[in-house]
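Dropping query-v2.cif in here (mmCIF, C-alpha atoms):
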```
data_work
loop_
_atom_site.label_atom_id
_atom_site.label_comp_id
_atom_site.auth_asym_id
_atom_site.auth_seq_id
_atom_site.Cartn_x
_atom_site.Cartn_y
_atom_site.Cartn_z
CA MET A 9 300.06 142.88 -35.39
CA ALA A 10 302.63 145.56 -35.97
CA SER A 11 305.33 144.23 -33.65
CA ILE A 12 308.49 143.01 -35.30
CA LYS A 13 309.36 139.53 -34.13
CA PRO A 14 313.02 138.63 -33.96
CA ARG A 15 313.56 135.69 -36.30
CA ILE A 16 316.93 134.67 -34.96
CA SER A 17 319.09 135.04 -31.92
CA VAL A 18 322.81 135.43 -32.44
CA GLU A 19 325.42 134.35 -29.92
CA TYR A 20 329.14 134.82 -30.32
CA ALA A 21 331.06 132.01 -28.67
CA ASP A 22 334.84 131.58 -28.58
CA ASN A 23 335.21 129.74 -31.80
CA ALA A 24 331.83 130.11 -33.46
CA THR A 25 328.82 132.26 -34.25
CA ILE A 26 325.66 130.49 -33.18
CA VAL A 27 322.45 131.52 -34.90
CA THR A 28 319.28 130.06 -33.41
CA PHE A 29 315.99 130.16 -35.30
CA VAL A 30 313.30 131.55 -33.03
CA ASP A 31 310.18 130.43 -34.94
CA GLU A 32 308.65 126.99 -34.58
CA LYS A 33 307.35 127.02 -38.11
CA ILE A 34 309.30 128.58 -40.95
CA LEU A 35 306.98 128.51 -43.90
CA GLU A 36 306.11 131.58 -45.79
CA GLU A 37 308.07 133.39 -48.43
CA MET A 38 308.10 136.55 -46.31
CA ASP A 39 309.43 134.70 -43.28
CA VAL A 40 312.20 133.15 -45.32
CA GLN A 41 313.08 136.49 -46.90
CA ALA A 42 313.17 138.08 -43.45
CA LEU A 43 315.44 135.30 -42.24
CA GLN A 44 317.73 135.79 -45.20
CA GLY A 45 317.82 139.49 -44.39
CA SER A 46 318.83 138.70 -40.81
CA ILE A 47 321.37 135.97 -41.41
CA MET A 48 323.29 137.16 -44.49
CA PRO A 49 324.63 140.32 -42.79
CA VAL A 50 325.93 138.14 -39.97
CA VAL A 51 327.78 136.03 -42.53
CA GLU A 52 329.03 139.01 -44.50
CA GLU A 53 330.36 140.79 -41.42
CA ALA A 54 332.78 138.04 -40.52
CA LYS A 55 335.04 136.70 -43.22
CA ARG A 56 335.86 133.04 -42.58
CA ILE A 57 332.90 132.80 -40.23
CA LYS A 58 332.38 129.59 -38.29
CA LEU A 59 328.60 129.52 -38.33
CA ILE A 60 326.38 127.14 -36.42
CA LEU A 61 322.65 127.12 -37.20
CA ASP A 62 320.64 125.85 -34.24
CA PHE A 63 317.26 124.33 -35.11
CA CYS A 64 316.20 123.59 -31.52
CA ASN A 65 312.94 125.56 -31.86
CA VAL A 66 312.05 124.48 -35.38
CA ARG A 67 309.17 122.03 -35.67
CA PHE A 68 308.22 122.60 -39.28
CA LEU A 69 309.78 124.04 -42.40
CA SER A 70 309.09 124.08 -46.11
CA SER A 71 311.46 123.54 -49.01
CA THR A 72 311.85 127.31 -49.32
CA VAL A 73 313.92 127.10 -46.13
CA LEU A 74 316.13 124.40 -47.66
CA GLY A 75 316.82 126.83 -50.48
CA LEU A 76 317.78 129.49 -47.99
CA LEU A 77 320.17 127.10 -46.23
CA LEU A 78 321.84 126.35 -49.56
CA ARG A 79 322.28 130.06 -50.25
CA ILE A 80 323.74 130.57 -46.78
CA SER A 81 326.08 127.63 -47.27
CA LYS A 82 327.29 128.98 -50.60
CA LYS A 83 327.98 132.39 -49.06
CA VAL A 84 329.79 130.96 -46.05
CA TYR A 85 332.08 128.76 -48.10
CA GLU A 86 332.73 131.47 -50.69
CA GLN A 87 334.13 133.47 -47.80
CA ASP A 88 336.25 130.57 -46.63
CA GLY A 89 334.06 129.92 -43.61
CA GLN A 90 332.51 126.81 -42.08
CA LEU A 91 328.86 125.91 -41.57
CA ARG A 92 327.29 123.43 -39.17
CA LEU A 93 323.63 122.62 -38.53
CA CYS A 94 322.48 121.18 -35.20
CA ASN A 95 319.54 120.25 -32.96
CA ILE A 96 317.44 119.12 -35.89
CA SER A 97 314.35 117.17 -34.81
CA PRO A 98 313.84 113.68 -36.29
CA ARG A 99 310.96 114.76 -38.56
CA ILE A 100 312.91 117.70 -39.93
CA TYR A 101 316.01 115.53 -40.34
CA GLU A 102 313.91 113.13 -42.37
CA ILE A 103 313.34 115.94 -44.89
CA PHE A 104 317.12 116.42 -45.16
CA LYS A 105 317.58 112.67 -45.66
CA ILE A 106 314.84 112.29 -48.24
CA THR A 107 316.22 115.18 -50.30
CA ARG A 108 319.79 113.95 -49.74
CA LEU A 109 320.71 117.31 -48.27
CA ASN A 110 322.13 115.43 -45.30
CA LYS A 111 325.00 114.62 -47.68
CA ILE A 112 325.96 118.24 -48.24
CA PHE A 113 325.27 119.82 -44.88
CA ASP A 114 327.34 118.97 -41.82
CA ILE A 115 324.65 118.11 -39.28
CA TYR A 116 325.37 117.55 -35.60
CA GLU A 117 323.24 116.53 -32.66
CA ASP A 118 323.84 119.61 -30.55
CA VAL A 119 325.74 122.87 -30.32
CA LYS A 120 328.63 121.32 -28.41
CA SER A 121 329.38 118.62 -30.94
CA ALA A 122 328.95 121.11 -33.77
CA THR A 123 331.41 123.48 -32.09
CA ASP A 124 333.88 120.68 -31.36
CA SER A 125 333.85 119.74 -35.03
CA LEU A 126 335.07 123.18 -36.11
CA PRO A 127 338.73 123.81 -36.85
CA ALA A 128 340.54 125.52 -33.95
CA ALA A 129 340.59 129.31 -33.89
CA ASP A 130 343.37 130.85 -35.92
CA MET B 15 303.47 145.22 -41.81
CA ARG B 16 300.76 142.65 -41.74
CA GLY B 17 297.21 143.67 -41.01
CA PRO B 18 294.48 141.21 -40.10
CA GLU B 19 294.23 138.55 -42.77
CA ARG B 20 291.28 138.86 -45.07
CA CYS B 21 291.08 135.36 -46.42
CA LYS B 22 288.44 135.11 -49.00
CA PHE B 23 286.82 131.81 -48.27
CA MET B 24 284.22 130.51 -50.60
CA VAL B 25 283.35 127.37 -48.78
CA SER B 26 281.00 124.70 -49.85
CA GLU B 27 280.68 121.70 -47.61
CA THR B 28 279.09 118.33 -47.80
CA PRO B 29 279.59 115.85 -45.01
CA GLY B 30 283.29 115.04 -44.94
CA SER B 31 284.36 117.29 -47.80
CA SER B 32 285.02 120.96 -48.42
CA SER B 33 285.93 123.21 -51.26
CA MET B 34 287.61 126.57 -50.70
CA VAL B 35 288.80 129.33 -52.96
CA ILE B 36 291.53 131.47 -51.51
CA GLN B 37 293.69 134.34 -52.60
CA SER B 38 296.89 133.41 -54.33
CA LYS B 39 299.34 134.69 -51.75
CA PRO B 40 301.61 132.70 -49.45
CA THR B 41 299.93 133.72 -46.20
CA ALA B 42 296.48 132.61 -47.33
CA ILE B 43 297.07 128.89 -46.83
CA GLY B 44 297.42 129.20 -43.05
CA PRO B 45 293.74 129.07 -42.02
CA VAL B 46 292.91 126.41 -44.62
CA CYS B 47 295.78 124.26 -43.45
CA GLY B 48 294.59 124.69 -39.89
CA ARG B 49 291.12 123.45 -40.77
CA ILE B 50 292.40 120.45 -42.65
CA LEU B 51 294.88 119.43 -39.97
CA SER B 52 292.18 119.81 -37.31
CA LYS B 53 289.96 117.44 -39.25
CA LEU B 54 292.83 114.95 -39.40
CA GLU B 55 293.30 115.21 -35.65
CA ALA B 56 289.57 114.76 -35.11
CA ASN B 57 289.79 111.58 -37.17
CA ASN B 58 292.70 110.27 -35.11
CA PHE B 59 295.39 110.58 -37.73
CA GLY B 60 298.80 110.34 -36.05
CA GLY B 61 301.49 112.99 -35.77
CA GLU B 62 303.54 111.60 -38.64
CA ASP B 63 300.56 111.64 -41.01
CA ILE B 64 299.61 115.16 -39.98
CA PHE B 65 303.17 116.38 -40.51
CA ALA B 66 303.25 114.73 -43.94
CA VAL B 67 299.96 116.24 -45.09
CA HIS B 68 300.97 119.64 -43.73
CA LEU B 69 304.24 119.59 -45.63
CA ALA B 70 302.71 118.36 -48.89
CA LEU B 71 299.93 120.93 -48.69
CA GLU B 72 302.38 123.78 -48.07
CA GLU B 73 304.53 122.67 -50.99
CA ALA B 74 301.55 122.26 -53.32
CA PHE B 75 300.25 125.67 -52.35
CA ILE B 76 303.64 127.37 -52.76
CA ASN B 77 303.86 125.82 -56.23
CA ALA B 78 300.36 127.00 -57.11
CA VAL B 79 301.14 130.55 -56.03
CA ARG B 80 304.67 130.79 -57.33
CA HIS B 81 304.62 128.73 -60.52
CA GLY B 82 300.96 128.30 -61.39
CA ASN B 83 299.70 131.79 -60.67
CA LYS B 84 303.10 133.45 -61.19
CA MET B 85 302.93 135.33 -57.88
CA ASP B 86 299.83 137.22 -59.02
CA SER B 87 297.88 137.87 -55.83
CA ALA B 88 294.81 138.79 -57.89
CA LYS B 89 294.54 135.15 -58.86
CA GLU B 90 293.02 132.38 -56.80
CA VAL B 91 293.82 128.91 -55.61
CA LYS B 92 291.11 126.32 -55.06
CA ILE B 93 291.52 123.73 -52.33
CA ASP B 94 289.20 120.71 -52.25
CA TYR B 95 289.53 118.15 -49.52
CA SER B 96 287.73 115.26 -47.95
CA VAL B 97 288.73 113.51 -44.75
CA ALA B 98 287.52 109.99 -44.09
CA PRO B 99 288.36 107.89 -41.02
CA ASP B 100 291.25 106.26 -42.88
CA LYS B 101 292.17 108.62 -45.69
CA ILE B 102 292.50 112.22 -46.75
CA GLU B 103 292.22 113.45 -50.28
CA VAL B 104 293.21 117.01 -51.10
CA SER B 105 293.36 118.88 -54.40
CA VAL B 106 295.09 122.17 -55.12
CA THR B 107 294.14 123.99 -58.31
CA ASP B 108 295.66 127.18 -59.68
CA GLU B 109 294.68 129.43 -62.58
CA GLY B 110 297.83 128.86 -64.57
CA GLU B 111 298.48 127.27 -67.94
CA GLY B 112 299.71 124.12 -66.27
CA PHE B 113 302.95 122.23 -66.71
CA ASP B 114 304.34 118.76 -67.31
CA PRO B 115 305.17 117.21 -63.93
CA GLU B 116 307.43 114.71 -65.68
CA SER B 117 309.66 117.57 -66.76
CA VAL B 118 310.75 118.38 -63.22
CA PRO B 119 314.23 116.96 -62.64
CA ASP B 120 315.06 114.84 -59.63
CA PRO B 121 316.44 117.31 -57.07
CA ARG B 122 318.57 114.69 -55.33
CA TYR B 123 321.28 114.19 -57.93
CA GLY B 124 324.04 116.02 -59.71
CA GLU B 125 323.94 119.76 -59.76
CA ASN B 126 320.23 119.74 -58.85
CA LEU B 127 321.21 118.84 -55.30
CA TYR B 128 322.83 122.25 -54.92
CA LYS B 129 320.00 124.28 -56.43
CA PRO B 130 317.88 126.32 -54.00
CA GLU B 131 314.64 125.42 -55.80
CA GLY B 132 312.97 122.35 -57.24
CA ARG B 133 312.13 120.18 -54.23
CA GLY B 134 308.44 120.90 -53.74
CA LEU B 135 307.00 118.27 -56.06
CA PHE B 136 309.53 115.70 -54.89
CA LEU B 137 308.51 116.27 -51.27
CA MET B 138 304.82 116.00 -52.15
CA ARG B 139 305.49 112.62 -53.78
CA SER B 140 307.66 111.47 -50.90
CA TYR B 141 305.20 112.31 -48.16
CA MET B 142 301.84 111.50 -49.75
CA ASP B 143 300.67 108.09 -50.95
CA THR B 144 299.44 109.29 -54.32
CA VAL B 145 300.08 112.52 -56.24
CA GLU B 146 298.26 112.96 -59.52
CA PHE B 147 297.93 115.89 -61.89
CA ASN B 148 295.15 116.66 -64.31
CA GLU B 149 296.02 116.71 -67.98
CA ARG B 150 296.56 120.44 -68.11
CA GLY B 151 298.84 120.34 -65.10
CA ASN B 152 297.22 123.11 -63.05
CA SER B 153 295.54 120.83 -60.55
CA VAL B 154 297.12 118.25 -58.27
CA CYS B 155 295.25 115.64 -56.23
CA MET B 156 297.04 114.03 -53.30
CA THR B 157 296.00 111.15 -51.06
CA LYS B 158 297.28 109.96 -47.73
CA TYR B 159 296.10 106.80 -46.00
CA LYS B 160 296.12 106.72 -42.24
CA GLU B 161 299.21 104.94 -40.99
CA LYS B 162 298.27 101.79 -39.14
CA SER B 163 299.87 101.95 -35.72
CA ASN B 164 299.19 98.32 -34.88
CA PRO B 165 299.74 96.13 -37.91
CA ALA B 166 297.93 92.79 -37.78
CA LYS B 167 300.11 89.78 -37.07
CA GLY B 168 301.44 88.13 -40.16
CA GLU B 169 301.78 91.32 -42.16
CA ASN B 170 305.26 92.43 -43.25
#
```

Can I see the file as structure tokens?
Amino acid sequence: MASIKPRISVEYADNATIVTFVDEKILEEMDVQALQGSIMPVVEEAKRIKLILDFCNVRFLSSTVLGLLLRISKKVYEQDGQLRLCNISPRIYEIFKITRLNKIFDIYEDVKSATDSLPAAD
Amino acid sequence: MRGPERCKFMVSETPGSSSMVIQSKPTAIGPVCGRILSKLEANNFGGEDIFAVHLALEEAFINAVRHGNKMDSAKEVKIDYSVAPDKIEVSVTDEGEGFDPESVPDPRYGENLYKPEGRGLFLMRSYMDTVEFNERGNSVCMTKYKEKSNPAKGEN
């Protein structure tokens, strides 16, 4: 199994960068490290990035992923950017609620409402 | 580059229960998890229960590998489980010195909320019905009772 699977897809919309997780299950340390390796350069490239993370494909994740999201959030806000999460399934959202991470992430139902919530382009 | 997984399974089975010893690396839990979740499905556990057990098992295993065995892939993790029609019991044992589970801070409050680590044990306790450690602290036993989909009348 030597093929490299893309972990994310990146779309540049008018007012936002939309990163969609490709994998249904994000579990293992290596997967999370690979994700970090894919997403951080996207954040670093654009100061004041307006980043939307789309979870539409994600059916399962471990707490390692929550750690990654926190690191991404820290990086985005250090660079004066904005972060939104969207399309989180009820079971995954329950994990955010139970850990109270729903209080520190801005979570929206879909890409449109997440995009609408962003400050207008400069 | 990942080659084919060589999961060292030492399996002993009696009706309804299994014991497996696997390599202490993150990818090794996959096949074991698959077996356990299949047994839950075969015993008509619902989707919510299966999700809960899956999550707790992943977290327990990550803890065993990362904290118990200190990322040493030469070490092993033992998984014991038994699935009954209404209950699953699963134990995860590492080769480490153990720890005091009471010493793990609540990840939901204060500055802990912003820390990237420290949620595994909390999630295990949130999603399983019981979570108990042995005295040394290198073995955790978790139980989940099948969720009743049709509660009898009169119950709250």

Please provide as a VMD selection string all residues within 12 Å of Ser87 (chain B), with the sequence filter that same-chain residues fewer than 5 positions apart are discarded (counting only C-alpha atoms).
chain B and resid 21 to 22 36 to 42 78 to 80 82 108 to 109

Which residues would end up in the selection if the PyMOL selection byres ((chain B) within 8 of (chain A)) were applied here, given that I need the answer as a ChimeraX atom specification?
/B:15-18,40-41,69,72-73,121-122,127-131,133-134,137,140

CA of Ala74 (chain B) to CA of Asp94 (chain B): how many Å, to one decimal?
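These atoms are spaced 12.5 Å apart.
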
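Nearest to Glu62 (chain B) of all the residues A:Glu102, A:Asp124, A:Ile96, A:Ile26 is A:Glu102, based on all atoms listed in the file.
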
Got a sec to resolve the PyMOL selection byres ((chain B and resi 149) around 12) on this structure and send the residues as a VMD selection string?
chain B and resid 111 to 116 146 to 148 150 to 155

How about saving the chosen residues, C-alpha atoms kept, as an mmCIF file, in the coordinates of the input?
```
data_model
loop_
_atom_site.group_PDB
_atom_site.id
_atom_site.type_symbol
_atom_site.label_atom_id
_atom_site.label_comp_id
_atom_site.auth_asym_id
_atom_site.auth_seq_id
_atom_site.Cartn_x
_atom_site.Cartn_y
_atom_site.Cartn_z
ATOM 1 C CA GLU B 111 298.480 127.270 -67.940
ATOM 2 C CA GLY B 112 299.710 124.120 -66.270
ATOM 3 C CA PHE B 113 302.950 122.230 -66.710
ATOM 4 C CA ASP B 114 304.340 118.760 -67.310
ATOM 5 C CA PRO B 115 305.170 117.210 -63.930
ATOM 6 C CA GLU B 116 307.430 114.710 -65.680
ATOM 7 C CA GLU B 146 298.260 112.960 -59.520
ATOM 8 C CA PHE B 147 297.930 115.890 -61.890
ATOM 9 C CA ASN B 148 295.150 116.660 -64.310
ATOM 10 C CA ARG B 150 296.560 120.440 -68.110
ATOM 11 C CA GLY B 151 298.840 120.340 -65.100
ATOM 12 C CA ASN B 152 297.220 123.110 -63.050
ATOM 13 C CA SER B 153 295.540 120.830 -60.550
ATOM 14 C CA VAL B 154 297.120 118.250 -58.270
ATOM 15 C CA CYS B 155 295.250 115.640 -56.230
#
```
